[in-house]
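Notes for the one structure printed next.
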Amino acid sequence: MGMTVGVIGGGQLARMMIPAAVALGIDLRVLAEQPGMSAALAAVAVGDYRDLDTVVAFAETVDVITFDHEHVPQEILRELVRRGVQVHPGPDALLYAQDKLLMRERLTELGLPVPDWARVETSDELGAFLAEHGGRAVVKTARGGYDGKGVRVVSHEHEADDWFTALAEDANGGALLVEELVEFRRELAQVVARRPSGQIALWPVVETVQRGGVCAEVIAPAPGSVGRIAEVAADIAVAVAEGIGVTGVLAVELFETTDDRLLVNELAMRPHNSGHWSIDGSTTSQFEQHLRAVLDLPLGSTGARDAWSVMINVFGGPAGGVLGDRYGVALAEHPLVKVHSYGKASRPGRKVGHVTAGGDDLDDVAYQARATAAFLQE
Ligand code: ADP
C-alpha cells in the first residue's frame with residue numbers, strides 16, 4: 001500500500017496529524033468543508049463530505065481514507081468500501097460512534113459495563129424509565145450531538161417533548177436514548193489504537209474534566225489510577241476495539257462511579273481531545289499513531305515522557321484577534337509549557353487551541369498549564 005492518507009474534515013484533528021505525517025514522509029490530503037480551515041496547512045480539497053461524487057473523487061487521490069469527525073453518512077462510506085477503498089475506521093465500526101442508541105445496544109451485547117439505558121419513543125416511555133430510576137435521568141439524541149449538545153438531564157417526562165416532536169417530523173423516525181443519571185466521582189478516558197491486522201497499543205488512562213458538557217482539562221495519567229483502574233479501563237477499551245472492529249485511534253469515555261465501577265459513556269473513533277497531551281507527553285502521539293494504524297504500520301511506544309502531563313483547552317482566544325497576540329506574555333512566563341494553536345479566529349466559547357505541561361509535580365504542572373491557558377484566553 002502507498003502512503004497517501006486522505007482525511008475527511010478540515011478541523012484541528014486533521015491539522016494535528018500534519019506534523020506526524022511530515023516526520024514520517026506520509027502524504028496527507030484533506031477534504032475540508034471550507035477554505036481556510038485549521039487543516040489548510042496540508043494539501044486541501046474543498047468539498048461537501050455528504051456528497052458521494054465529491055468523496056469518491058477525493059478517495060481516488062489517496063490510499064486510505066480516515067476522518068477528522070464522524071459525520072460522513074453511512075451510505076457514502078459503504079459505497080467507498082464497495083469500490084475497494086480502504087476506509088479506517090470502517091463503516092461497520094463507525095456506526096457505533098455515529099449513533100448512541102446503537103452504541104449502547106452493541107456494548108450491552110458485548111457484556112461491557114454501561115449505565116442503565118432504554119430506547120424511548122414517547123413521553124410515556126420516558127415517564128416509565130424515570131419512575132424506575134429515582135425520578136431523574138439523562139436523555140440523549142441518538143445522532144448529531146457533540147460537546148454536550150443533545151444531552152439533557154430531566155426529572156419530568158415532558159422535558160424532552162421538543163426532541164420527540166422533532167423525531168416524529170423526521171422521515172426516518174427514530175427514538176431517544178435515556179440513561180440513569182450516573183453518580184460519578186470523575187470522568188476518565190482510555191485512548192487506544194488498533195491496526196487492521198490486530199496490533200493494539202494503549203496510552204495510560206487519563207482523567208477528563210468537563211465544563212458545561214465540554215472537555216476543559218485532561219490529567220495524564222488519571223491520579224490514583226495505577227493498578228486496578230488502569231487494568232479495568234484497558235480491558236474495556238481492548239474489548240470495545242476488538243468487539244467492534246475499530247481501526248485507528250479509539251477513545252473510550254468512562255465514568256468512575258462513586259461505588260468504584262467504570263461504565264462506558266461514549267466512543268470516539270479518531271484522535272480525541274483526551275489524547276492531545278500525547279503530542280508532548282508520550283513517545284508516540286495519538287496523531288502519529290492514528291496514521292500508523294490506518295496505514296497498518298507497526299504502532300509506536302505509548303509510554304509517557306513525564307510523570308504527569310496536564311492539557312488545558314483554550315476557549316475563545318483574545319477578543320478580536322488570534323492566540324499569537326498573547327504569546328509575548330504567555331510564552332515568556334511559562335517556557336516549559338507547549339502551546340498549540342488551531343489557526344482559528346477568536347470567538348467566545350470556541351476551542352482555538354490547547355496547552356500541555358509536563359513534569360514530576362502534578363500541582364506545579366497543573367498550575368503552569370492553567371496559567372498559560374488563562375493568559376491566552378484573556
Ligand atoms: P457528547 O456527545 O456531547 O460528548 P456525552 O454523552 O459524552 O455527550 O455527554 C456529555 C457529558 O454529560 C458527559 O461528559 C457527562 O459529564 C454528562 N453525562 C452524560 N451522560 C451521563 C449520565 N448517564 N449520567 C451523568 N452524567 C452524564
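Each chain of the C-alpha cells is named A, B, ... in the order shown, its residues numbered from 1; ligands are numbered from 1 in display order.
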
Note to self: Could you list, as an MDAnalysis selection string, all protein and nucleic acid residues with an atom at most 10 Å from ligand 1, counting only C-alpha atoms and all ligand atoms?
What the structure shows: chainID A and resid 97:100 114:117 136:153 177:184 186:188 208:215 253:255 257 263:268

Margin query: Give me, as a ChimeraX atom specification, the residues of stretch 76-301 of chain A that a backbone DSSP run labels strand (DSSP E or B).
Written below: /A:86-87,117-120,137-141,146,149,151-154,176-180,184-194,200-202,206-211,214-220,248-257,262-268,282

Contact table stretch 180-295 of chain A vs stretch 21-45 of chain A, cut-off 10 Å, shortest pair per residue, only C-alpha atoms, as a Markdown table:
| residue | atom | partner | partner_atom | distance |
| --- | --- | --- | --- | --- |
| A:Phe287 | CA | A:Ala21 | CA | 8.7 |
| A:Glu288 | CA | A:Ala21 | CA | 7.1 |
| A:Leu291 | CA | A:Ala21 | CA | 7.4 |
| A:Arg292 | CA | A:Leu24 | CA | 9.3 |
| A:Leu295 | CA | A:Ile26 | CA | 9.7 |

Output file for the residues above (C-alpha atoms, as a short mmCIF file (atom, residue, chain, number, x, y, z; two decimals), in the first residue's frame):
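Result file again.cif:
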data_model
loop_
_atom_site.label_atom_id
_atom_site.label_comp_id
_atom_site.auth_asym_id
_atom_site.auth_seq_id
_atom_site.Cartn_x
_atom_site.Cartn_y
_atom_site.Cartn_z
CA PHE A 287 -1.97 11.63 15.73
CA GLU A 288 1.13 9.74 14.64
CA LEU A 291 -1.66 7.48 10.80
CA ARG A 292 0.41 4.36 11.54
CA LEU A 295 -1.82 2.51 7.12
#

Next item on the list: Fewer than 4 positions away in the same chain doesn't count, so skip those; otherwise give me all residues within 10 Å of A:Leu336, counting only C-alpha atoms, as number ranges by chain.
Entry: A: 331-332, 356-359, 365, 368-369

Please build the interface table for stretch 82-116 of chain A against stretch 226-250 of chain A with a cut-off of 6 Å, listing for each qualifying residue the nearest atom pair and the distance in Å to one decimal; count only C-alpha atoms, order rows by chain and increasing number, and write it as a tab-separated table.
residue	atom	partner	partner_atom	distance
A:His88	CA	A:Thr247	CA	5.5
A:Pro89	CA	A:Thr247	CA	4.7
A:Ala93	CA	A:Val246	CA	5.5

Could you write out that same residue set with N, CA, C and O atoms as an mmCIF file, in the first residue's frame?
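The resulting file, out-v1.cif, is reproduced below:
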data_model
loop_
_atom_site.group_PDB
_atom_site.id
_atom_site.type_symbol
_atom_site.label_atom_id
_atom_site.label_comp_id
_atom_site.auth_asym_id
_atom_site.auth_seq_id
_atom_site.Cartn_x
_atom_site.Cartn_y
_atom_site.Cartn_z
ATOM 1 N N HIS A 88 -10.699 3.578 7.157
ATOM 2 C CA HIS A 88 -10.393 3.261 8.564
ATOM 3 C C HIS A 88 -10.682 4.444 9.477
ATOM 4 O O HIS A 88 -10.094 5.487 9.277
ATOM 5 N N PRO A 89 -11.560 4.276 10.477
ATOM 6 C CA PRO A 89 -12.313 3.062 10.765
ATOM 7 C C PRO A 89 -13.379 2.826 9.698
ATOM 8 O O PRO A 89 -13.859 3.770 9.082
ATOM 9 N N ALA A 93 -17.777 -0.222 12.056
ATOM 10 C CA ALA A 93 -17.346 0.253 13.372
ATOM 11 C C ALA A 93 -17.858 1.671 13.624
ATOM 12 O O ALA A 93 -18.421 1.969 14.686
#

I'd like the contact shell of A:Pro91 - 10 Å cut-off, only C-alpha atoms, skipping same-chain residues fewer than 5 positions apart - returned as an mmCIF file with N, CA, C and O atoms, in the first residue's frame.
data_model
loop_
_atom_site.group_PDB
_atom_site.id
_atom_site.type_symbol
_atom_site.label_atom_id
_atom_site.label_comp_id
_atom_site.auth_asym_id
_atom_site.auth_seq_id
_atom_site.Cartn_x
_atom_site.Cartn_y
_atom_site.Cartn_z
ATOM 1 N N VAL A 72 -19.598 11.533 8.281
ATOM 2 C CA VAL A 72 -19.784 11.091 6.895
ATOM 3 C C VAL A 72 -20.897 10.031 6.875
ATOM 4 O O VAL A 72 -20.849 9.057 7.628
ATOM 5 N N PRO A 73 -21.920 10.239 6.033
ATOM 6 C CA PRO A 73 -23.062 9.314 6.048
ATOM 7 C C PRO A 73 -22.655 7.873 5.728
ATOM 8 O O PRO A 73 -21.761 7.633 4.909
ATOM 9 N N GLN A 74 -23.354 6.941 6.368
ATOM 10 C CA GLN A 74 -23.092 5.510 6.163
ATOM 11 C C GLN A 74 -23.152 5.113 4.692
ATOM 12 O O GLN A 74 -22.320 4.334 4.229
ATOM 13 N N GLU A 75 -24.144 5.624 3.937
ATOM 14 C CA GLU A 75 -24.292 5.212 2.520
ATOM 15 C C GLU A 75 -23.011 5.516 1.758
ATOM 16 O O GLU A 75 -22.572 4.726 0.910
ATOM 17 N N ILE A 76 -22.413 6.668 2.055
ATOM 18 C CA ILE A 76 -21.200 7.062 1.327
ATOM 19 C C ILE A 76 -20.028 6.170 1.734
ATOM 20 O O ILE A 76 -19.270 5.682 0.890
ATOM 21 N N LEU A 77 -19.913 5.905 3.023
ATOM 22 C CA LEU A 77 -18.820 5.044 3.496
ATOM 23 C C LEU A 77 -18.939 3.652 2.876
ATOM 24 O O LEU A 77 -17.947 3.057 2.437
ATOM 25 N N ARG A 78 -20.164 3.136 2.831
ATOM 26 C CA ARG A 78 -20.365 1.780 2.288
ATOM 27 C C ARG A 78 -20.082 1.736 0.789
ATOM 28 O O ARG A 78 -19.537 0.751 0.284
ATOM 29 N N GLU A 79 -20.412 2.799 0.092
ATOM 30 C CA GLU A 79 -20.114 2.851 -1.341
ATOM 31 C C GLU A 79 -18.589 2.865 -1.569
ATOM 32 O O GLU A 79 -18.077 2.216 -2.479
ATOM 33 N N LEU A 80 -17.876 3.589 -0.711
ATOM 34 C CA LEU A 80 -16.404 3.599 -0.824
ATOM 35 C C LEU A 80 -15.859 2.185 -0.653
ATOM 36 O O LEU A 80 -15.032 1.719 -1.436
ATOM 37 N N VAL A 81 -16.334 1.497 0.377
ATOM 38 C CA VAL A 81 -15.859 0.132 0.645
ATOM 39 C C VAL A 81 -16.194 -0.768 -0.544
ATOM 40 O O VAL A 81 -15.366 -1.569 -0.994
ATOM 41 N N TYR A 96 -21.153 2.900 15.362
ATOM 42 C CA TYR A 96 -21.365 2.980 16.813
ATOM 43 C C TYR A 96 -20.835 4.275 17.420
ATOM 44 O O TYR A 96 -21.084 4.558 18.582
ATOM 45 N N ALA A 97 -20.092 5.040 16.630
ATOM 46 C CA ALA A 97 -19.715 6.373 17.093
ATOM 47 C C ALA A 97 -20.694 7.412 16.542
ATOM 48 O O ALA A 97 -20.691 8.556 16.970
ATOM 49 N N GLN A 98 -21.514 6.989 15.591
ATOM 50 C CA GLN A 98 -22.468 7.916 14.962
ATOM 51 C C GLN A 98 -23.831 7.872 15.627
ATOM 52 O O GLN A 98 -24.607 8.811 15.510
ATOM 53 N N VAL A 246 -12.691 -1.780 15.566
ATOM 54 C CA VAL A 246 -12.238 -0.407 15.299
ATOM 55 C C VAL A 246 -10.817 -0.433 14.742
ATOM 56 O O VAL A 246 -9.956 -1.178 15.227
#

Note to self: Give me, as a VMD selection string, the residues of stretch 36-68 of chain A that a backbone DSSP run labels alpha helix (DSSP H).
What the structure shows: chain A and resid 52 to 59

Note to self: If we count only C-alpha atoms and set the cut-off at 10 Å, which residues sit around A:Ser301, ignoring sequence neighbours fewer than 2 positions away in its own chain? Please answer as a ChimeraX atom specification.
What the structure shows: /A:201-203,282-285,289,298-299,303-304

Next item on the list: Find the distance between atom CA of A:Thr66 and atom CA of A:Met269 and write it in Å to one decimal.
Entry: 9.8 Å

Note to self: Can you pull out the residues contacting A:Ala128? Cut-off 12 Å, using only C-alpha atoms, and skip same-chain residues under 2 positions away; I want them as a VMD selection string.
What the structure shows: chain A and resid 118 to 126 130 to 137 155 to 158 178

Checklist line | Minimum-distance residue to A:Pro204, chosen among A:Asp296, A:Glu333, A:Asp68, A:Asp306 (using only C-alpha atoms) | finding: A:Asp306

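The two atoms in question, atom CA of A:Ala59 and atom CA of A:Val85, are spaced 7.1 Å apart.
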